[in-house]
Amino acid sequence: MTVTSSGQASVPVPVLDIGGTHVTAALVNPATSRPVPSTVIRKPLRSHAAADAILDAIALAALALPAGHSLCWGVAIPGPFDYATGIGRFADVGKFESLTGIDVGDGLRQRLTGRSERLRFLNDADAFAIGEYASGAAAKHDRVICLTLGTGVGSSFLSAGRPVHTGPLVPPSGHVHHLTVHGRPLEDTVSRRAIRTNYSRLTALAGDQRLPDVQEISTRAKKGDTAAAEALRYAFDALGQALAPWIDRFEATAVVIGGSMAQSWDLIHPALTTGLASADRRDVPFLPARLPEEAPLIGAARWAQYTPGAF
């Protein structure tokens with residue numbers, strides 16, 4: 001047990017990491033800033049369900065945590081979302097659309113009666129970045145870009161551990177998915193959908209053939225499938241090119257990569273490096289996340305505890 005400066009015994013910080021297919025709940029030990037392993041709970045989540053069903057599923061995971069924690073929760077959730085008010089803005093994005101206009105914070109507090117007083121929301125990529133800055137690959141980097149590569153490209157630009165969302169040094173809202181590459185939106189080239197589509201084109205798969213997912217495409221690339229290797233190379237070379245001017249502008253000293261696609265590091269890292277080099281920009285290291293599963297939980301806990309000047 002640790003003691004705060006006010007002399008009160010500190011308690012575990014409850015956190016939620018909400019994704020398109022699952023929700024993870026955990027208690028984070030404020031003394032170690034790490035999740036308590038025995039408390040980490042992962043449950044399936046259907047992002048296309050009705051609002052009440054989504055909120056019920058999130059609350060079910062939260063209520064499964066042991067009691068005796070702080071009443072202030074850190075909640076990581078993808079955008080578009082009004083993080084200050086806790087209201088969903090998911091119209092026309094293909095997931096959580098039933099939460100558009102819904103006060104998610106109020107809905108969860110009602111379901112967590114007696115277990116919560118406040119929920120502090122933050123973008124899931126920001127939570128990942130803050131966690132990696134606190135205890136992972138982004139540590140000791142005052143200015144760092146963190147990416148999550150999964151269904152799309154999540155991003156966070158951190159300055160001294162704080163996300164930067166505005167200003168000329170970052171893309172709009174601090175999100176690289178707003179960028180273009182090869183004359184098209186970035187996620188038309190670098191995303192689960194784009195990689196699968198390109199692989200289909202390169203292999204001329206017939207319409208009735210099952211299109212492999214990115215993990216299987218990666219496996220095929222490692223086994224010598226040249227079309228699979230090219231589909232991945234093209235995507236991540238393009239990502240390196242798109243990032244290059246923003247690495248310079250932000251004066252980042254590292255780029256940390258997480259997300260499900262980062263599991264194929266031996267395939268994506270050379271392409272990222274080549275793409276950056278071809279743009280003739282400042283060379284910076286691309287680093288794999290050290291805490292890919294824990295970082296969003298750590299970041300959400302730090303956000304829950306944040307007070308100005310003490311982050």
# chains A, B, ... in the order shown; residues from 1 in each chain; ligands from 1
$ residues_around --residues "Pro292 (chain A)" --least-positions-apart "6" --cutoff "10 Å" --atoms "only C-alpha atoms" --output "number ranges by chain"
A: 128-129, 131-132, 136-137, 148, 257-260, 262-263
$ write_last_selection --atoms "N, CA and C atoms" --output "PDB file, in the first residue's frame"
ATOM      1  N   PHE A 128      -2.547   4.264 -25.226  1.00  0.00           N
ATOM      2  CA  PHE A 128      -1.412   3.413 -25.568  1.00  0.00           C
ATOM      3  C   PHE A 128      -0.097   4.191 -25.489  1.00  0.00           C
ATOM      4  N   ALA A 129      -0.104   5.398 -26.062  1.00  0.00           N
ATOM      5  CA  ALA A 129       1.118   6.208 -26.091  1.00  0.00           C
ATOM      6  C   ALA A 129       1.559   6.608 -24.687  1.00  0.00           C
ATOM      7  N   GLY A 131       0.934   5.087 -21.925  1.00  0.00           N
ATOM      8  CA  GLY A 131       1.431   3.890 -21.250  1.00  0.00           C
ATOM      9  C   GLY A 131       2.836   3.522 -21.694  1.00  0.00           C
ATOM     10  N   GLU A 132       3.105   3.626 -22.985  1.00  0.00           N
ATOM     11  CA  GLU A 132       4.449   3.327 -23.489  1.00  0.00           C
ATOM     12  C   GLU A 132       5.457   4.385 -23.026  1.00  0.00           C
ATOM     13  N   GLY A 136       7.282   1.968 -21.192  1.00  0.00           N
ATOM     14  CA  GLY A 136       7.636   1.160 -22.350  1.00  0.00           C
ATOM     15  C   GLY A 136       8.655   1.788 -23.273  1.00  0.00           C
ATOM     16  N   ALA A 137       8.456   1.556 -24.581  1.00  0.00           N
ATOM     17  CA  ALA A 137       9.450   1.945 -25.580  1.00  0.00           C
ATOM     18  C   ALA A 137       9.560   3.451 -25.767  1.00  0.00           C
ATOM     19  N   THR A 148      -0.805   2.876 -33.565  1.00  0.00           N
ATOM     20  CA  THR A 148      -1.416   1.562 -33.379  1.00  0.00           C
ATOM     21  C   THR A 148      -1.924   1.107 -34.736  1.00  0.00           C
ATOM     22  N   ILE A 257       5.591   1.624 -32.404  1.00  0.00           N
ATOM     23  CA  ILE A 257       4.539   0.939 -33.150  1.00  0.00           C
ATOM     24  C   ILE A 257       3.897  -0.148 -32.292  1.00  0.00           C
ATOM     25  N   GLY A 258       2.582  -0.104 -32.179  1.00  0.00           N
ATOM     26  CA  GLY A 258       1.815  -1.152 -31.509  1.00  0.00           C
ATOM     27  C   GLY A 258       0.650  -1.583 -32.381  1.00  0.00           C
ATOM     28  N   GLY A 259      -0.269  -2.332 -31.807  1.00  0.00           N
ATOM     29  CA  GLY A 259      -1.408  -2.834 -32.571  1.00  0.00           C
ATOM     30  C   GLY A 259      -1.150  -4.217 -33.127  1.00  0.00           C
ATOM     31  N   SER A 260      -2.208  -4.842 -33.621  1.00  0.00           N
ATOM     32  CA  SER A 260      -2.111  -6.239 -34.051  1.00  0.00           C
ATOM     33  C   SER A 260      -1.134  -6.437 -35.198  1.00  0.00           C
ATOM     34  N   ALA A 262       1.638  -5.002 -35.691  1.00  0.00           N
ATOM     35  CA  ALA A 262       3.020  -4.913 -35.226  1.00  0.00           C
ATOM     36  C   ALA A 262       3.590  -6.277 -34.867  1.00  0.00           C
ATOM     37  N   GLN A 263       2.743  -7.287 -34.772  1.00  0.00           N
ATOM     38  CA  GLN A 263       3.233  -8.637 -34.513  1.00  0.00           C
ATOM     39  C   GLN A 263       4.083  -9.151 -35.672  1.00  0.00           C
TER      40      GLN A 263
END
$ residues_around --residues "Ser155 (chain A)" --least-positions-apart "5" --cutoff "9 Å" --atoms "only C-alpha atoms" --output "list in words"
Ala125, Asp126, Ala129, Ile145, Cys146, Leu147, Thr148, Leu149, Gly174, His175, Val176 and His177 of chain A
$ write_last_selection --atoms "N, CA and C atoms" --output "mmCIF file, in the first residue's frame"
data_model
loop_
_atom_site.group_PDB
_atom_site.id
_atom_site.type_symbol
_atom_site.label_atom_id
_atom_site.label_comp_id
_atom_site.auth_asym_id
_atom_site.auth_seq_id
_atom_site.Cartn_x
_atom_site.Cartn_y
_atom_site.Cartn_z
ATOM 1 N N ALA A 125 -5.584 5.462 -28.750
ATOM 2 C CA ALA A 125 -4.184 5.596 -29.183
ATOM 3 C C ALA A 125 -3.397 6.470 -28.209
ATOM 4 N N ASP A 126 -4.034 7.495 -27.654
ATOM 5 C CA ASP A 126 -3.373 8.318 -26.638
ATOM 6 C C ASP A 126 -3.085 7.490 -25.386
ATOM 7 N N ALA A 129 -0.104 5.398 -26.062
ATOM 8 C CA ALA A 129 1.118 6.208 -26.091
ATOM 9 C C ALA A 129 1.559 6.608 -24.687
ATOM 10 N N ILE A 145 6.261 9.892 -31.510
ATOM 11 C CA ILE A 145 5.015 9.555 -32.209
ATOM 12 C C ILE A 145 4.723 8.084 -31.948
ATOM 13 N N CYS A 146 3.510 7.794 -31.531
ATOM 14 C CA CYS A 146 3.101 6.411 -31.278
ATOM 15 C C CYS A 146 1.964 6.046 -32.217
ATOM 16 N N LEU A 147 2.061 4.880 -32.846
ATOM 17 C CA LEU A 147 1.047 4.409 -33.785
ATOM 18 C C LEU A 147 0.489 3.070 -33.338
ATOM 19 N N THR A 148 -0.805 2.876 -33.565
ATOM 20 C CA THR A 148 -1.416 1.562 -33.379
ATOM 21 C C THR A 148 -1.924 1.107 -34.736
ATOM 22 N N LEU A 149 -1.426 -0.038 -35.188
ATOM 23 C CA LEU A 149 -1.763 -0.558 -36.508
ATOM 24 C C LEU A 149 -2.688 -1.753 -36.353
ATOM 25 N N GLY A 174 -4.102 15.713 -34.421
ATOM 26 C CA GLY A 174 -3.014 14.821 -34.038
ATOM 27 C C GLY A 174 -3.202 13.411 -34.544
ATOM 28 N N HIS A 175 -3.997 13.234 -35.604
ATOM 29 C CA HIS A 175 -4.328 11.900 -36.111
ATOM 30 C C HIS A 175 -3.811 11.721 -37.541
ATOM 31 N N VAL A 176 -2.948 10.740 -37.749
ATOM 32 C CA VAL A 176 -2.355 10.549 -39.072
ATOM 33 C C VAL A 176 -3.347 9.993 -40.080
ATOM 34 N N HIS A 177 -4.483 9.441 -39.622
ATOM 35 C CA HIS A 177 -5.422 8.917 -40.612
ATOM 36 C C HIS A 177 -6.026 10.035 -41.471
#
$ residues_around --residues "region 225-237 of chain A" --least-positions-apart "4" --cutoff "7 Å" --atoms "only C-alpha atoms" --output "number ranges by chain"
A: 189-190, 195, 198-199, 202-203, 217-218, 220-221, 241, 268, 271-272, 274-275
$ write_last_selection --atoms "C-alpha atoms" --output "tab-separated table (two decimals), in the first residue's frame"
chain	number	residue	atom	x	y	z
A	189	THR	CA	-3.36	2.30	-48.51
A	190	VAL	CA	-2.54	1.43	-44.88
A	195	ILE	CA	-3.89	-4.58	-47.43
A	198	ASN	CA	-4.23	-5.10	-52.55
A	199	TYR	CA	-3.35	-8.73	-51.88
A	202	LEU	CA	-1.94	-8.95	-56.74
A	203	THR	CA	-3.09	-12.56	-56.65
A	217	ILE	CA	-1.13	-12.61	-45.33
A	218	SER	CA	1.83	-12.06	-43.00
A	220	ARG	CA	2.15	-16.34	-46.25
A	221	ALA	CA	4.79	-13.62	-46.73
A	241	GLN	CA	6.55	8.32	-46.58
A	268	ILE	CA	6.80	-4.04	-41.56
A	271	ALA	CA	9.30	-1.16	-45.25
A	272	LEU	CA	8.72	1.69	-42.78
A	274	THR	CA	12.66	2.41	-46.54
A	275	GLY	CA	9.62	4.66	-46.89
$ atom_distance --atom1 "CA of Glu293 (chain A)" --atom2 "CA of Leu276 (chain A)"
26.9 Å
$ select_by_dssp --residues "region 90-262 of chain A" --states "strand (DSSP E or B)" --output "PyMOL selection string"
chain A and resi 100+103+118-123+143-149+153-159+162-163+180-181+184-185+255-258
$ atom_distance --atom1 "CA of Leu108 (chain A)" --atom2 "CA of Tyr83 (chain A)"
14.2 Å
$ closest_residue --among "A:Leu186, A:Ala53, A:Val28, A:Ile87" --to "Val104 (chain A)" --atoms "only C-alpha atoms"
A:Ile87
$ residues_around --residues "Ala301 (chain A)" --least-positions-apart "6" --cutoff "8 Å" --atoms "only C-alpha atoms" --output "list in words"
Val13, Pro14, Val15, Val28, Ser33, Trp73 and Gly74 of chain A
$ atom_distance --atom1 "CA of Trp265 (chain A)" --atom2 "CA of Arg290 (chain A)"
12.4 Å
$ residues_around --residues "Ala49 (chain A)" --least-positions-apart "2" --cutoff "10 Å" --atoms "only C-alpha atoms" --output "JSON, numbers by chain"
{"A": [45, 46, 47, 51, 52, 53, 54, 55, 95, 96, 97, 98, 99]}
$ residues_around --residues "Arg109 (chain A)" --least-positions-apart "6" --cutoff "12 Å" --atoms "only C-alpha atoms" --output "PDB file with N, CA and C atoms, in the first residue's frame"
ATOM      1  N   LEU A  55     -23.419  -0.749 -23.825  1.00  0.00           N
ATOM      2  CA  LEU A  55     -23.157  -0.236 -22.476  1.00  0.00           C
ATOM      3  C   LEU A  55     -23.275  -1.334 -21.436  1.00  0.00           C
ATOM      4  N   ASP A  56     -24.240  -2.239 -21.615  1.00  0.00           N
ATOM      5  CA  ASP A  56     -24.385  -3.360 -20.681  1.00  0.00           C
ATOM      6  C   ASP A  56     -23.133  -4.241 -20.699  1.00  0.00           C
ATOM      7  N   ILE A  58     -20.034  -3.397 -21.575  1.00  0.00           N
ATOM      8  CA  ILE A  58     -18.907  -2.698 -20.958  1.00  0.00           C
ATOM      9  C   ILE A  58     -19.036  -2.732 -19.440  1.00  0.00           C
ATOM     10  N   ALA A  59     -20.246  -2.454 -18.951  1.00  0.00           N
ATOM     11  CA  ALA A  59     -20.475  -2.455 -17.506  1.00  0.00           C
ATOM     12  C   ALA A  59     -20.278  -3.834 -16.902  1.00  0.00           C
ATOM     13  N   ALA A  62     -16.696  -4.178 -16.247  1.00  0.00           N
ATOM     14  CA  ALA A  62     -16.288  -3.282 -15.158  1.00  0.00           C
ATOM     15  C   ALA A  62     -16.726  -3.819 -13.801  1.00  0.00           C
ATOM     16  N   LEU A  63     -17.949  -4.326 -13.734  1.00  0.00           N
ATOM     17  CA  LEU A  63     -18.482  -4.806 -12.457  1.00  0.00           C
ATOM     18  C   LEU A  63     -17.836  -6.116 -12.005  1.00  0.00           C
ATOM     19  N   LEU A  71     -12.896   5.637  -7.180  1.00  0.00           N
ATOM     20  CA  LEU A  71     -14.176   5.876  -7.852  1.00  0.00           C
ATOM     21  C   LEU A  71     -14.010   6.703  -9.118  1.00  0.00           C
ATOM     22  N   CYS A  72     -12.765   7.033  -9.455  1.00  0.00           N
ATOM     23  CA  CYS A  72     -12.474   7.741 -10.696  1.00  0.00           C
ATOM     24  C   CYS A  72     -11.856   6.758 -11.690  1.00  0.00           C
ATOM     25  N   TRP A  73     -12.539   6.547 -12.813  1.00  0.00           N
ATOM     26  CA  TRP A  73     -12.118   5.573 -13.820  1.00  0.00           C
ATOM     27  C   TRP A  73     -11.409   6.258 -14.976  1.00  0.00           C
ATOM     28  N   GLY A  86     -17.994  12.962 -22.788  1.00  0.00           N
ATOM     29  CA  GLY A  86     -18.348  11.539 -22.748  1.00  0.00           C
ATOM     30  C   GLY A  86     -19.444  11.152 -23.714  1.00  0.00           C
ATOM     31  N   ASP A 103     -24.824   9.832 -24.225  1.00  0.00           N
ATOM     32  CA  ASP A 103     -23.936  10.181 -23.112  1.00  0.00           C
ATOM     33  C   ASP A 103     -23.416   8.873 -22.506  1.00  0.00           C
ATOM     34  N   ARG A 115     -19.924   2.291  -7.658  1.00  0.00           N
ATOM     35  CA  ARG A 115     -18.559   1.925  -8.030  1.00  0.00           C
ATOM     36  C   ARG A 115     -17.844   3.043  -8.789  1.00  0.00           C
ATOM     37  N   SER A 116     -18.575   4.123  -9.111  1.00  0.00           N
ATOM     38  CA  SER A 116     -17.933   5.212  -9.857  1.00  0.00           C
ATOM     39  C   SER A 116     -18.554   6.550  -9.500  1.00  0.00           C
ATOM     40  N   GLU A 117     -17.708   7.570  -9.488  1.00  0.00           N
ATOM     41  CA  GLU A 117     -18.160   8.948  -9.358  1.00  0.00           C
ATOM     42  C   GLU A 117     -17.803   9.755 -10.593  1.00  0.00           C
ATOM     43  N   ARG A 118     -16.696   9.370 -11.229  1.00  0.00           N
ATOM     44  CA  ARG A 118     -16.235  10.111 -12.399  1.00  0.00           C
ATOM     45  C   ARG A 118     -15.564   9.172 -13.378  1.00  0.00           C
ATOM     46  N   LEU A 119     -15.800   9.413 -14.669  1.00  0.00           N
ATOM     47  CA  LEU A 119     -15.107   8.675 -15.718  1.00  0.00           C
ATOM     48  C   LEU A 119     -14.344   9.678 -16.571  1.00  0.00           C
ATOM     49  N   ARG A 120     -13.050   9.448 -16.734  1.00  0.00           N
ATOM     50  CA  ARG A 120     -12.213  10.323 -17.556  1.00  0.00           C
ATOM     51  C   ARG A 120     -11.869   9.575 -18.843  1.00  0.00           C
TER      52      ARG A 120
END
$ select_by_dssp --residues "region 70-129 of chain A" --states "alpha helix (DSSP H)" --output "NGL selection string"
:A and (104-111 or 124-129)
$ closest_residue --among "A:Ala252, A:Leu267, A:Ile18, A:Ile102" --to "Lys140 (chain A)" --atoms "only C-alpha atoms"
A:Ala252
$ closest_residue --among "A:Val284, A:Tyr133, A:Leu297, A:Ala254" --to "Arg42 (chain A)" --atoms "only C-alpha atoms"
A:Leu297
$ closest_residue --among "A:Arg282, A:Ile130, A:Ala25, A:Arg184" --to "Val164 (chain A)" --atoms "only C-alpha atoms"
A:Ile130
